[in-house]
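*Asks:* Before we start, here is the structure in question, set down as C-alpha cells.
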Amino acid sequence: MTPESYLIETLKVLVFPGFTFIFILALFYEWLDRKFYAKLQNRVGPLYAGPLGILQPLADFIKLLSKEDIVPKGVDRILFTATPLFSLTLSIFATLLLPIFSYKGILSFEGDLVIAVVLLTFLCIITFFAGIASYNRFAIIGAERSFLQLIGYEVPLMISIVSVALNARSLTIQNIVLSQKGIWYILGPNILGFIVFLFAAQAELERIPFDLPEAEQEIIAGWNVDYSGRRLAMFRLAKNIELVFLCGLAVTLFLGGPLGPVVPGFEPFLFTIYFIIKSIFVLAILTIVRALFARLRIDQIVSLSWKYLLPLAIIQFLIVRLIV
Amino acid sequence: MSTFDIPIGPQHPALPEPLLLKLEVEGETVVGVDFDVSYMHRGIEKLLETKTYFQGLPLVERICGICNAAHGLCYTLNVEKLYDKEIPPRAQYLRVIVEELSRIHSHLLWLGVAAFEIGFNTMFMYTWRDREHVMDMLEAITGNRVTTEYSQIGGVRRDITPELAEKLLKTMDVVEERTKYYIKVALTEPTIAKRTQGVGYLSPEDAKATCSVGPVIRASGIKFDVRADDPYAAHDEVPFNVITYDSCDVFGRVVVRAQELLECVNMIRYALKNLPSGPFRIKLPMKPNAGEALTRVEAPRGELLHYTLCEGTPKPYRYKVRTPTLANLGALRVMLTSKGRYVVNIGDVPIIYGSIDPCICCTARVQFIDVKKGKTWTWTLDEIRGMSKKVKA
Amino acid sequence: MSFEESFLNELKSVFGEKIVESKISKRRIFLKVSPEHYYEVIQFLVKEKGLYHLETMTATELKDYIEIIAHLGLSTSVSVKTAVDKNSPTIISLCNLIPGAEFYEREIMDLMGVKFEGHPNPKRLVLPQDWPTDVHPLRKSFETRHNQPLRDVGGE
Amino acid sequence: MEISITFSYHTVFDCEVDCVMSMLSELLKNLFKKRATVLYPEERDKVHVPEGYRGKLEFYREKCIGCTLCYQVCPSYTIEIITDEKGKRPVFNLARCTYCGQCEDICPTKSIHLTKQFEVISLDKKDLVVK
C-alpha cells in the first residue's frame, strides 16, 4: 500500500463518501424532510436560515452545541456520556458500508450485509441504554417502549433483508447491487419486501406512526428528555445520519444502488447522483407516511407488526424461495 | 407490581391546560389518578363584586379565551333577567348567530387539538387552517377574533350588514364542505379509529352520576342539551336536533362534536334567512332592581351556569360562574382509572383528558399569598400586568 | 297552571310547611328549606322526581347567615336554599346521593369555609396548596386591596 | 365490577383503505395548493383587517364634552380624567387598555374611536398614552 493510497483511503473515509459528505447529506435530508412535510400540510417550513431555510438544520446543530450541557444528579455518568458518542459513531460506521460512488462501499468485504443488520439493532439498543441512563420516569418509560417496539418490527425487517440476500444469492452488498443490473429488485419479486422495509425503517427512526419512545404528548421527550447541549446535538445528528443510512440501505437493497445509465468517463460522479436521487425518492415516501397516520399505542404497534408485517415478510420470503 | 406516579404536570409541552394530573402507573396501565386545579385561580368572582354590572362584562368575557361568546351571552341574559325588560328579537337572533359561530370555531379548534394529542399533526394543521375562515368572519362581525364583546346588556353591540350576511353564507358553505371531509376522515381513518375506539369509557350510569355535561354526556347516549331543554335567546325558534351517540368513548365524542358542527352551520343559515327587523339594542339604566337570577347557556364544552344575587345596587352582591369543565372533572376521573377489563394506557391519557375539551382557565382564578409576612391580597388582572411591566422595565 | 306551579304544589303537598319560602319564574323554582329537611327534600327530588343532574352549588354570605343553594334539574331547574350559621357552618354532604357534587362542595369548602360532613375526600380544589387554611376569600370579611392606578416605575 | 364493553363498529378493511387513499389524495392535492400561512413581516399588506376592527384608540378633543361617562364604564381603569384649559377630558393609558370598546360605545358625542391599527407596540411607555 503506497503512502498516497493511504492518503486517498483516509480522504475517502473523512471527506468524500465518508464523514463530511454524510454530515452534509444528513442535514440536507432533514431540511428536505421538514420542507416536504410542511408543504404537505400547506405551510412553509424552515425559511429564514439561509436561502429557503436550507441552513436551518445546521443552525439547530450549532445552537445545540453552544447550549449548556446539564448533567442531572443521580444519573449513570458513564452511560450518560457514552451513549451519544456510540450512537453517532455507529451510525457513521454504518454509512461507510453503503455503495455511494461505486457499486461497493468504502468498507466492502464478504458478508457486510450482516454487519449492517447488526448495526441497525445496535442503534436501537443504544437508545434503550440512553433512556435507562438518565434516571427519569419519562425516560424509563420511553426506553421500555423503544425495546417493546424493537421486538415488534425487528423480525419482519430481518426477513425482508434476508429475502433480498436470498434473491441475490449472497450476503455482500456488492453482489446484491451487481445482481440488480438487470432489473431492480423493487420491480422484481421484492415489492412486498420494500413495503415491509419502509414501515420497519419508519419504526427504527421513531417517526410518527411509531414515534412512541419520544411521544411528545405522553412522556414529554421520552428517552432523550434529560439530554441537552452537545449530547442532544449528537443524538439528533445520529438520528439524521441513521435516516441517510436507512434510505441508502433501501436504495441498495431494492432500487439497484447507484446503478443507472452511465457515461464511461464520470462513473463515480454519476453513481453518486443516482444514489442521491433514489434515496430522496425513498425519503419522500417516508415523509408521506409520516404525514398520513396518527401515532399508535404500544400494544397496537406490536400487534400490527406481528399480524401484518410478519406475514407479508414471510410471503415475500416464500415468493423469492419459489421463483429464484 | 410496584406503582410509581407520573406527573402530567401543569407545564406540559402538549397540553395547553394548567391542570396537574398525578397518575399512578403500573408499567403502562394507569391505576389511579388525582388532579389539582389550583394553578389558575384568578379571583374573578371576588373581582366581579367590586365592579358594576356594565364593567363586569369585559371581565367575564375574558374568563375563557375560546368560549367567550358563551360567557358574554350568559352574563348579559343573566343581568337582563334582573331588569325583566323585553329584549328586541333581532338582538336575540344576532346573539344566536355569533354564539353558533364561536361554537364552530371552538369545535374545530378541539378537533385539531385532539388530532394533535394522538400525533396526527396533518389533521391539526388542516383543521386550524380551515378555522381561519370562521375567525375572519368573527373578526368582521364583532371587531375582534376572540374576545367578541358582542352581546351587551340590553341587546347587541353591532348590526349585521347585508354584505356581511352574504360573506357569512359563503363562509358557511366552505366550512360545511370541509366539515363533511373531516367527519369522513374521523369515522374511517384506521389509526384514529384504533386510538379512540374503546378509549375513555364512560357508561351512561357513570355519566349521570357524575353530572357530566355537554358532548361528554351526549356521547354516552343521554339527550341533554340546554338549547333544547331550557331554550334561551332565540333557540326556541331556531330549529336544530340534539346529536347523541351511544359508543360512550372518545370516538363518540369526536362524532358528536363533528356532527354538531353541521348543526351549527344549518342554524346560522336559518337564523340569517329569517332575521327579524327592528332595533338591535335598548338602553337599560345602570342600576337593576333587586332579585336573583340563574341562567344556563350551552357553551361549546357543555352547560355553563351564571347565578347572581343583586340588592338593587349597580354592583352585584354575589356572582357565581360554574363552567362546564368543572362538571366534567368527575367524569374525567372515572374515565382515567382502569377497572376490570377496561385498561387505561399511558398513551391514552392525553386523548382521554383532551376528550372533555378542558378549559381550566375557566375553572380557576388566581390569588396570591405572601407566606412570610402572612399577609394575603388579591391581585387583579391589571396589577398582574403592572407587575410584569415592572419586571420588564 | 304552568309546569312550575303544578310541580310546586306537588312539593308543598308532600312536604307541607317544611318549605319555608318559594318563588317561581320561567322554568325556575326557588325553595327555602331548613337545614334539617335539606337532605330529605333533595333526596325526594333526586330519587322520585328523577332530577339526577346537580347543576351546581352556590354559597352566599348574607347579613347574618350563609345561604347554601343546590341547583338541581335538567329543563326546569329547582334551587333548594338552606341557611347555615356563619361562625361554625356545617351541613350534610350530598356526595352519596349525587357523586358529582364532590367538586362543587370542595370549591365551597375552599372559598367559603363551609364544612360538609361525610364528604369522600375533603381536599383543597381551587386554592393553592400553601394557602392558609382559615382564610376564605369569598367571605365579605376578606378585604381585597383595591387596584391602584398603574405605578409609574420610572422606566427609561 | 365486571365491565362488558361491546364494540360494534365496522372496521371492515375496505373502508379503511379508501379513507387512507382519500387522505393521501388530500395530501398530494395540498402539494400544489398555495401555502396558507401569510408571512407577516414581509407580506404586511396581505394581512386583511376588516372594517370595525377594535384596535388602537383615537381621541377627538374638540368633540369631547367632559361627561366622564367613559371613566365610569372602563373595566380596566385605563382612563384618567384630567382638566385642561377647555375643561375635563380623559387620558388613555394604552398599557392597561383591553380594547373592549366600552368607552367608544358609551360616549354620547362619539369622540372616542377605535381604529384598525393593530400594531400597538412601543419601546417607550410615554407614547402609549393617548393624549
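Letters A, B, ... go to the chains of the C-alpha cells in the order shown; residues in each chain start at 1; ligands are counted from 1 in the same order.
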Taking only C-alpha atoms into account, find every residue of chain B that has an atom no more than 9 Å from chain D, and write it out as a short mmCIF file (atom, residue, chain, number, x, y, z; two decimals) with N, CA, C and O atoms, in the first residue's frame.
*Replies:*
data_model
loop_
_atom_site.label_atom_id
_atom_site.label_comp_id
_atom_site.auth_asym_id
_atom_site.auth_seq_id
_atom_site.Cartn_x
_atom_site.Cartn_y
_atom_site.Cartn_z
N LYS B 51 -66.91 45.34 40.80
CA LYS B 51 -67.16 46.11 39.56
C LYS B 51 -68.66 46.22 39.35
O LYS B 51 -69.42 45.35 39.80
N THR B 52 -69.12 47.26 38.62
CA THR B 52 -70.55 47.35 38.31
C THR B 52 -70.88 46.29 37.24
O THR B 52 -69.99 45.73 36.63
N PHE B 54 -72.01 46.75 34.32
CA PHE B 54 -71.53 47.09 32.97
C PHE B 54 -70.02 46.85 32.87
O PHE B 54 -69.51 46.37 31.87
N GLN B 55 -69.27 47.14 33.97
CA GLN B 55 -67.82 46.93 33.91
C GLN B 55 -67.49 45.44 33.97
O GLN B 55 -66.44 45.02 33.51
N GLY B 56 -68.41 44.65 34.54
CA GLY B 56 -68.10 43.23 34.70
C GLY B 56 -68.10 42.47 33.40
O GLY B 56 -67.42 41.44 33.28
N LEU B 57 -68.81 43.01 32.39
CA LEU B 57 -68.97 42.22 31.14
C LEU B 57 -67.62 41.92 30.48
O LEU B 57 -67.32 40.75 30.23
N PRO B 58 -66.73 42.93 30.25
CA PRO B 58 -65.45 42.56 29.60
C PRO B 58 -64.67 41.57 30.46
O PRO B 58 -64.00 40.68 29.92
N LEU B 59 -64.78 41.66 31.78
CA LEU B 59 -64.02 40.71 32.63
C LEU B 59 -64.55 39.30 32.44
O LEU B 59 -63.80 38.35 32.25
N THR B 122 -51.05 16.29 10.74
CA THR B 122 -51.63 16.85 9.50
C THR B 122 -53.05 17.33 9.75
O THR B 122 -53.42 18.42 9.35
N ARG B 129 -56.24 25.47 9.85
CA ARG B 129 -56.25 26.36 8.68
C ARG B 129 -57.70 26.69 8.32
O ARG B 129 -58.04 27.85 8.05
N ASP B 136 -62.02 34.85 10.72
CA ASP B 136 -62.13 36.12 9.97
C ASP B 136 -63.56 36.63 10.03
O ASP B 136 -63.80 37.84 10.20
N GLU B 139 -64.17 38.19 13.28
CA GLU B 139 -63.48 39.49 13.37
C GLU B 139 -64.29 40.55 12.60
O GLU B 139 -64.48 41.67 13.05
N ALA B 140 -64.82 40.14 11.46
CA ALA B 140 -65.56 41.13 10.66
C ALA B 140 -66.85 41.54 11.38
O ALA B 140 -67.22 42.71 11.40
N ILE B 141 -67.52 40.56 12.00
CA ILE B 141 -68.83 40.90 12.61
C ILE B 141 -68.61 41.63 13.93
O ILE B 141 -69.19 42.69 14.18
N THR B 142 -67.72 41.08 14.78
CA THR B 142 -67.70 41.65 16.14
C THR B 142 -66.49 42.54 16.39
O THR B 142 -66.40 43.14 17.44
N GLY B 143 -65.56 42.62 15.47
CA GLY B 143 -64.46 43.55 15.67
C GLY B 143 -63.23 42.92 16.29
O GLY B 143 -62.22 43.58 16.41
N ASN B 144 -63.30 41.64 16.69
CA ASN B 144 -62.10 41.04 17.26
C ASN B 144 -62.20 39.53 17.12
O ASN B 144 -63.29 38.97 17.15
N THR B 147 -61.97 37.86 21.67
CA THR B 147 -62.86 38.49 22.68
C THR B 147 -63.94 39.25 21.92
O THR B 147 -63.73 40.39 21.50
N THR B 148 -65.07 38.61 21.69
CA THR B 148 -66.04 39.19 20.74
C THR B 148 -66.75 40.40 21.32
O THR B 148 -67.12 41.29 20.56
N GLU B 149 -66.98 40.50 22.62
CA GLU B 149 -67.69 41.66 23.20
C GLU B 149 -68.96 41.96 22.42
O GLU B 149 -69.26 43.13 22.16
N ARG B 157 -74.14 44.74 20.25
CA ARG B 157 -73.39 45.99 20.01
C ARG B 157 -73.50 46.43 18.56
O ARG B 157 -73.61 47.61 18.28
N LYS B 184 -65.76 12.36 7.51
CA LYS B 184 -65.41 11.11 6.80
C LYS B 184 -64.07 10.60 7.33
O LYS B 184 -63.92 9.42 7.67
N VAL B 185 -63.09 11.50 7.49
CA VAL B 185 -61.77 11.04 7.95
C VAL B 185 -61.89 10.52 9.37
O VAL B 185 -61.45 9.42 9.70
N THR B 188 -63.50 6.99 9.51
CA THR B 188 -62.97 5.77 8.88
C THR B 188 -61.45 5.67 8.97
O THR B 188 -60.89 4.64 8.68
N GLU B 189 -60.77 6.75 9.34
CA GLU B 189 -59.30 6.67 9.34
C GLU B 189 -58.85 5.55 10.30
O GLU B 189 -59.23 5.57 11.47
N PRO B 190 -58.11 4.57 9.82
CA PRO B 190 -57.79 3.42 10.68
C PRO B 190 -57.03 3.83 11.94
O PRO B 190 -57.36 3.40 13.05
N ALA B 193 -59.30 5.59 14.37
CA ALA B 193 -60.26 4.64 14.96
C ALA B 193 -59.55 3.81 16.02
O ALA B 193 -60.05 3.64 17.13
N GLN B 197 -61.34 4.31 19.63
CA GLN B 197 -62.48 3.43 19.94
C GLN B 197 -62.18 2.61 21.19
O GLN B 197 -61.07 2.09 21.33
N GLY B 198 -63.12 2.62 22.11
CA GLY B 198 -62.95 1.82 23.33
C GLY B 198 -62.04 2.52 24.32
O GLY B 198 -61.68 1.96 25.35
N TYR B 201 -63.74 5.15 28.46
CA TYR B 201 -65.12 4.63 28.50
C TYR B 201 -65.87 5.29 29.67
O TYR B 201 -65.35 5.39 30.78
N SER B 247 -71.65 5.28 21.81
CA SER B 247 -70.46 4.43 21.96
C SER B 247 -69.73 4.76 23.27
O SER B 247 -68.79 4.09 23.62
N LYS B 339 -60.51 -0.26 35.31
CA LYS B 339 -61.35 -1.15 36.15
C LYS B 339 -61.56 -2.44 35.37
O LYS B 339 -61.95 -2.40 34.21
N GLY B 340 -61.25 -3.57 36.04
CA GLY B 340 -61.58 -4.86 35.40
C GLY B 340 -60.96 -4.93 34.02
O GLY B 340 -59.77 -4.65 33.81
N ARG B 341 -61.74 -5.22 33.02
CA ARG B 341 -61.19 -5.47 31.68
C ARG B 341 -60.84 -4.14 31.00
O ARG B 341 -60.10 -4.11 30.05
N TYR B 342 -61.41 -3.04 31.51
CA TYR B 342 -61.16 -1.76 30.81
C TYR B 342 -59.84 -1.21 31.31
O TYR B 342 -59.70 -0.82 32.47
N LEU B 381 -56.28 41.41 37.35
CA LEU B 381 -55.60 41.15 36.07
C LEU B 381 -54.65 42.30 35.77
O LEU B 381 -53.52 42.11 35.37
N ASP B 382 -55.09 43.52 36.05
CA ASP B 382 -54.29 44.67 35.59
C ASP B 382 -53.04 44.78 36.45
O ASP B 382 -51.98 45.13 35.98
N ARG B 385 -50.52 42.61 35.27
CA ARG B 385 -49.87 43.18 34.08
C ARG B 385 -48.90 44.28 34.54
O ARG B 385 -47.77 44.36 34.10
N GLY B 386 -49.35 45.05 35.55
CA GLY B 386 -48.47 46.13 36.06
C GLY B 386 -47.19 45.52 36.58
O GLY B 386 -46.08 45.97 36.29
#
*Asks:* Would you list which chain A residues are within 10 Å of chain B using only C-alpha atoms, as JSON, numbers by chain?
*Replies:* {"A": [37, 38, 40, 41, 42, 43, 137, 138, 141, 144, 145, 208, 209, 210, 211, 212, 215, 216, 217, 218, 219, 220, 221, 290, 291, 292, 293, 294, 295, 296, 297, 298, 299, 300]}
*Asks:* Residues near C:His136, anyone? I mean within 10 Å using only C-alpha atoms, not counting same-chain ones fewer than 3 positions away, as a PDB file with all heavy atoms, in the first residue's frame.
*Replies:*
ATOM      1  N   ILE C 108     -66.711  25.094  47.544  1.00  0.00           N
ATOM      2  CA  ILE C 108     -67.315  25.941  48.599  1.00  0.00           C
ATOM      3  C   ILE C 108     -66.491  25.828  49.873  1.00  0.00           C
ATOM      4  O   ILE C 108     -66.237  26.822  50.567  1.00  0.00           O
ATOM      5  CB  ILE C 108     -68.784  25.491  48.837  1.00  0.00           C
ATOM      6  CG1 ILE C 108     -69.617  25.810  47.600  1.00  0.00           C
ATOM      7  CG2 ILE C 108     -69.371  26.167  50.057  1.00  0.00           C
ATOM      8  CD1 ILE C 108     -71.049  25.395  47.696  1.00  0.00           C
ATOM      9  N   MET C 109     -65.959  24.601  50.124  1.00  0.00           N
ATOM     10  CA  MET C 109     -65.106  24.455  51.327  1.00  0.00           C
ATOM     11  C   MET C 109     -63.940  25.443  51.251  1.00  0.00           C
ATOM     12  O   MET C 109     -63.619  26.141  52.205  1.00  0.00           O
ATOM     13  CB  MET C 109     -64.553  23.023  51.349  1.00  0.00           C
ATOM     14  CG  MET C 109     -65.222  22.095  52.323  1.00  0.00           C
ATOM     15  SD  MET C 109     -64.307  20.550  52.365  1.00  0.00           S
ATOM     16  CE  MET C 109     -65.435  19.509  51.433  1.00  0.00           C
ATOM     17  N   ASP C 110     -63.305  25.495  50.056  1.00  0.00           N
ATOM     18  CA  ASP C 110     -62.136  26.382  49.928  1.00  0.00           C
ATOM     19  C   ASP C 110     -62.523  27.837  50.085  1.00  0.00           C
ATOM     20  O   ASP C 110     -61.913  28.582  50.839  1.00  0.00           O
ATOM     21  CB  ASP C 110     -61.522  26.217  48.509  1.00  0.00           C
ATOM     22  CG  ASP C 110     -60.700  24.943  48.438  1.00  0.00           C
ATOM     23  OD1 ASP C 110     -60.618  24.288  49.501  1.00  0.00           O
ATOM     24  OD2 ASP C 110     -60.195  24.611  47.369  1.00  0.00           O
ATOM     25  N   LEU C 111     -63.565  28.244  49.340  1.00  0.00           N
ATOM     26  CA  LEU C 111     -63.801  29.690  49.207  1.00  0.00           C
ATOM     27  C   LEU C 111     -64.637  30.240  50.350  1.00  0.00           C
ATOM     28  O   LEU C 111     -64.498  31.410  50.712  1.00  0.00           O
ATOM     29  CB  LEU C 111     -64.500  29.967  47.868  1.00  0.00           C
ATOM     30  CG  LEU C 111     -63.658  29.612  46.622  1.00  0.00           C
ATOM     31  CD1 LEU C 111     -64.436  29.927  45.365  1.00  0.00           C
ATOM     32  CD2 LEU C 111     -62.349  30.374  46.632  1.00  0.00           C
ATOM     33  N   MET C 112     -65.518  29.403  50.927  1.00  0.00           N
ATOM     34  CA  MET C 112     -66.444  29.979  51.908  1.00  0.00           C
ATOM     35  C   MET C 112     -66.227  29.385  53.297  1.00  0.00           C
ATOM     36  O   MET C 112     -66.689  29.951  54.272  1.00  0.00           O
ATOM     37  CB  MET C 112     -67.882  29.687  51.424  1.00  0.00           C
ATOM     38  CG  MET C 112     -68.896  30.687  51.894  1.00  0.00           C
ATOM     39  SD  MET C 112     -68.459  32.372  51.519  1.00  0.00           S
ATOM     40  CE  MET C 112     -69.802  32.837  50.483  1.00  0.00           C
ATOM     41  N   GLY C 113     -65.548  28.241  53.361  1.00  0.00           N
ATOM     42  CA  GLY C 113     -65.260  27.690  54.680  1.00  0.00           C
ATOM     43  C   GLY C 113     -66.405  26.904  55.276  1.00  0.00           C
ATOM     44  O   GLY C 113     -66.487  26.764  56.498  1.00  0.00           O
ATOM     45  N   VAL C 114     -67.299  26.370  54.432  1.00  0.00           N
ATOM     46  CA  VAL C 114     -68.413  25.566  54.960  1.00  0.00           C
ATOM     47  C   VAL C 114     -67.938  24.118  55.057  1.00  0.00           C
ATOM     48  O   VAL C 114     -67.335  23.593  54.126  1.00  0.00           O
ATOM     49  CB  VAL C 114     -69.635  25.648  53.995  1.00  0.00           C
ATOM     50  CG1 VAL C 114     -70.744  24.785  54.517  1.00  0.00           C
ATOM     51  CG2 VAL C 114     -70.042  27.079  53.805  1.00  0.00           C
ATOM     52  N   LEU C 127     -57.818  26.482  45.687  1.00  0.00           N
ATOM     53  CA  LEU C 127     -56.812  27.434  46.172  1.00  0.00           C
ATOM     54  C   LEU C 127     -55.433  26.772  46.147  1.00  0.00           C
ATOM     55  O   LEU C 127     -55.326  25.548  46.244  1.00  0.00           O
ATOM     56  CB  LEU C 127     -57.168  27.846  47.611  1.00  0.00           C
ATOM     57  CG  LEU C 127     -58.441  28.691  47.700  1.00  0.00           C
ATOM     58  CD1 LEU C 127     -58.786  28.954  49.147  1.00  0.00           C
ATOM     59  CD2 LEU C 127     -58.257  30.012  46.957  1.00  0.00           C
ATOM     60  N   TRP C 131     -51.955  27.931  50.795  1.00  0.00           N
ATOM     61  CA  TRP C 131     -52.901  28.966  51.233  1.00  0.00           C
ATOM     62  C   TRP C 131     -53.275  28.675  52.673  1.00  0.00           C
ATOM     63  O   TRP C 131     -53.566  27.539  53.009  1.00  0.00           O
ATOM     64  CB  TRP C 131     -54.133  28.901  50.326  1.00  0.00           C
ATOM     65  CG  TRP C 131     -55.202  29.882  50.633  1.00  0.00           C
ATOM     66  CD1 TRP C 131     -56.283  29.681  51.430  1.00  0.00           C
ATOM     67  CD2 TRP C 131     -55.291  31.219  50.132  1.00  0.00           C
ATOM     68  NE1 TRP C 131     -57.059  30.811  51.456  1.00  0.00           N
ATOM     69  CE2 TRP C 131     -56.477  31.770  50.666  1.00  0.00           C
ATOM     70  CE3 TRP C 131     -54.494  31.989  49.293  1.00  0.00           C
ATOM     71  CZ2 TRP C 131     -56.868  33.087  50.392  1.00  0.00           C
ATOM     72  CZ3 TRP C 131     -54.907  33.278  49.028  1.00  0.00           C
ATOM     73  CH2 TRP C 131     -56.075  33.815  49.570  1.00  0.00           C
ATOM     74  N   PRO C 132     -53.250  29.670  53.560  1.00  0.00           N
ATOM     75  CA  PRO C 132     -53.584  29.403  54.977  1.00  0.00           C
ATOM     76  C   PRO C 132     -54.991  28.823  55.093  1.00  0.00           C
ATOM     77  O   PRO C 132     -55.903  29.243  54.382  1.00  0.00           O
ATOM     78  CB  PRO C 132     -53.480  30.771  55.639  1.00  0.00           C
ATOM     79  CG  PRO C 132     -53.427  31.760  54.540  1.00  0.00           C
ATOM     80  CD  PRO C 132     -52.890  31.081  53.340  1.00  0.00           C
ATOM     81  N   THR C 133     -55.164  27.848  56.000  1.00  0.00           N
ATOM     82  CA  THR C 133     -56.418  27.079  55.998  1.00  0.00           C
ATOM     83  C   THR C 133     -57.591  27.893  56.547  1.00  0.00           C
ATOM     84  O   THR C 133     -58.740  27.580  56.269  1.00  0.00           O
ATOM     85  CB  THR C 133     -56.250  25.847  56.910  1.00  0.00           C
ATOM     86  OG1 THR C 133     -55.732  26.344  58.148  1.00  0.00           O
ATOM     87  CG2 THR C 133     -55.297  24.840  56.293  1.00  0.00           C
ATOM     88  N   ARG C 139     -65.487  35.302  51.570  1.00  0.00           N
ATOM     89  CA  ARG C 139     -66.220  35.909  52.677  1.00  0.00           C
ATOM     90  C   ARG C 139     -66.172  37.433  52.528  1.00  0.00           C
ATOM     91  O   ARG C 139     -65.184  37.980  52.047  1.00  0.00           O
ATOM     92  CB  ARG C 139     -65.546  35.528  54.012  1.00  0.00           C
ATOM     93  CG  ARG C 139     -65.829  34.103  54.465  1.00  0.00           C
ATOM     94  CD  ARG C 139     -67.217  33.966  55.015  1.00  0.00           C
ATOM     95  NE  ARG C 139     -67.499  32.588  55.434  1.00  0.00           N
ATOM     96  CZ  ARG C 139     -67.252  32.110  56.670  1.00  0.00           C
ATOM     97  NH1 ARG C 139     -66.715  32.897  57.574  1.00  0.00           N
ATOM     98  NH2 ARG C 139     -67.543  30.863  56.966  1.00  0.00           N
ATOM     99  N   LYS C 140     -67.243  38.102  52.961  1.00  0.00           N
ATOM    100  CA  LYS C 140     -67.245  39.566  52.832  1.00  0.00           C
ATOM    101  C   LYS C 140     -66.105  40.152  53.673  1.00  0.00           C
ATOM    102  O   LYS C 140     -65.574  41.201  53.382  1.00  0.00           O
ATOM    103  CB  LYS C 140     -68.589  40.143  53.314  1.00  0.00           C
ATOM    104  CG  LYS C 140     -69.732  39.831  52.358  1.00  0.00           C
ATOM    105  CD  LYS C 140     -69.491  40.439  50.973  1.00  0.00           C
ATOM    106  CE  LYS C 140     -70.540  39.947  49.991  1.00  0.00           C
ATOM    107  NZ  LYS C 140     -70.114  40.214  48.584  1.00  0.00           N
ATOM    108  N   SER C 141     -65.722  39.414  54.757  1.00  0.00           N
ATOM    109  CA  SER C 141     -64.701  39.976  55.654  1.00  0.00           C
ATOM    110  C   SER C 141     -63.350  40.007  54.949  1.00  0.00           C
ATOM    111  O   SER C 141     -62.455  40.736  55.322  1.00  0.00           O
ATOM    112  CB  SER C 141     -64.579  39.068  56.882  1.00  0.00           C
ATOM    113  OG  SER C 141     -64.319  37.747  56.388  1.00  0.00           O
ATOM    114  N   PHE C 142     -63.175  39.243  53.892  1.00  0.00           N
ATOM    115  CA  PHE C 142     -61.881  39.185  53.209  1.00  0.00           C
ATOM    116  C   PHE C 142     -61.746  40.419  52.339  1.00  0.00           C
ATOM    117  O   PHE C 142     -62.410  40.558  51.317  1.00  0.00           O
ATOM    118  CB  PHE C 142     -61.815  37.910  52.362  1.00  0.00           C
ATOM    119  CG  PHE C 142     -60.515  37.738  51.658  1.00  0.00           C
ATOM    120  CD1 PHE C 142     -59.423  37.194  52.313  1.00  0.00           C
ATOM    121  CD2 PHE C 142     -60.374  38.155  50.344  1.00  0.00           C
ATOM    122  CE1 PHE C 142     -58.222  37.048  51.653  1.00  0.00           C
ATOM    123  CE2 PHE C 142     -59.172  38.003  49.684  1.00  0.00           C
ATOM    124  CZ  PHE C 142     -58.104  37.450  50.346  1.00  0.00           C
TER     125      PHE C 142
END
*Asks:* Quick one: residues within 8 Å of D:Lys131, only C-alpha atoms counted, chain neighbours fewer than 4 positions away excluded, as number ranges by chain?
*Replies:* D: 59, 91-92
*Asks:* Can you list, as a ChimeraX atom specification, every protein, DNA or RNA residue that comes within 12 Å of D:Glu85 when you count only C-alpha atoms, leaving out same-chain residues fewer than 3 positions away?
*Replies:* /D:61,66,82,88-89
*Asks:* Given the selection you just returned, output its residues as a file containing N, CA, C and O atoms, formatted as a JSON list (two decimals), in the first residue's frame.
*Replies:*
[["chain", "number", "residue", "atom", "x", "y", "z"],
["D", 61, "ARG", "N", -60.34, 65.68, 20.62],
["D", 61, "ARG", "CA", -60.52, 66.56, 21.78],
["D", 61, "ARG", "C", -61.69, 67.51, 21.58],
["D", 61, "ARG", "O", -62.51, 67.72, 22.46],
["D", 66, "GLY", "N", -66.53, 66.32, 28.16],
["D", 66, "GLY", "CA", -66.07, 66.11, 29.54],
["D", 66, "GLY", "C", -67.12, 65.51, 30.45],
["D", 66, "GLY", "O", -67.24, 65.88, 31.61],
["D", 82, "ILE", "N", -58.35, 64.30, 33.46],
["D", 82, "ILE", "CA", -57.56, 65.49, 33.86],
["D", 82, "ILE", "C", -58.32, 66.72, 33.36],
["D", 82, "ILE", "O", -59.18, 66.60, 32.47],
["D", 88, "LYS", "N", -62.84, 69.25, 31.60],
["D", 88, "LYS", "CA", -62.40, 67.89, 31.94],
["D", 88, "LYS", "C", -62.23, 67.08, 30.65],
["D", 88, "LYS", "O", -62.98, 67.28, 29.68],
["D", 89, "ARG", "N", -61.22, 66.20, 30.63],
["D", 89, "ARG", "CA", -61.06, 65.35, 29.44],
["D", 89, "ARG", "C", -60.34, 64.07, 29.86],
["D", 89, "ARG", "O", -59.58, 64.05, 30.82]]
*Asks:* Which residues are near B:Lys167? Cut-off 12 Å, only C-alpha atoms, ignore same chain within fewer than 3 positions. Put them as a PyMOL selection string.
*Replies:* chain B and resi 133-134+136-138+140-141+160-164+170-174+269+272
*Asks:* Once DSSP has gone over the backbone, tell me which residues of stretch 11-130 of chain D are in strand (DSSP E), as a list in words.
*Replies:*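 The strand (DSSP E) subset of stretch 11-130 of chain D is Leu57, Glu58, Phe59, Ile79, Glu80, Ile81, Ile82, Thr83, Asp84, Gly87, Lys88, Arg89, Pro90, Val91, Phe92, Asn93, Ile112, His113, Leu114, Val129 and Val130 of chain D.
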*Asks:* Counting only C-alpha atoms, which residue out of D:Cys70, D:Thr83, D:Val130, D:Lys56 sits closest to D:Phe118?
*Replies:*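 The shortest atom-to-atom distance to D:Phe118 comes from D:Lys56.
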*Asks:* Excluding same-chain residues fewer than 4 positions from C:Arg27, what lies within 9 Å of it counting only C-alpha atoms, as a short mmCIF file (atom, residue, chain, number, x, y, z; two decimals) with N, CA, C and O atoms, in the first residue's frame?
*Replies:*
data_model
loop_
_atom_site.label_atom_id
_atom_site.label_comp_id
_atom_site.auth_asym_id
_atom_site.auth_seq_id
_atom_site.Cartn_x
_atom_site.Cartn_y
_atom_site.Cartn_z
N ASP B 230 -83.74 23.97 27.95
CA ASP B 230 -84.08 25.25 28.61
C ASP B 230 -83.72 26.35 27.61
O ASP B 230 -82.74 27.07 27.80
N PHE C 3 -96.16 24.40 34.38
CA PHE C 3 -95.49 23.20 34.92
C PHE C 3 -94.90 23.52 36.28
O PHE C 3 -95.00 22.75 37.23
N GLU C 4 -94.33 24.76 36.40
CA GLU C 4 -93.68 25.10 37.68
C GLU C 4 -94.72 25.10 38.80
O GLU C 4 -94.50 24.52 39.87
N SER C 75 -84.44 20.47 32.63
CA SER C 75 -85.01 21.62 31.89
C SER C 75 -85.45 22.67 32.91
O SER C 75 -84.86 23.74 32.98
N THR C 76 -86.48 22.39 33.78
CA THR C 76 -86.78 23.38 34.84
C THR C 76 -85.80 23.11 35.97
O THR C 76 -85.66 21.97 36.41
N SER C 77 -85.13 24.14 36.44
CA SER C 77 -84.13 23.89 37.49
C SER C 77 -84.71 24.33 38.82
O SER C 77 -85.28 25.42 38.95
N VAL C 78 -84.57 23.41 39.79
CA VAL C 78 -85.12 23.65 41.14
C VAL C 78 -83.93 24.01 42.03
O VAL C 78 -82.94 23.28 42.07
#
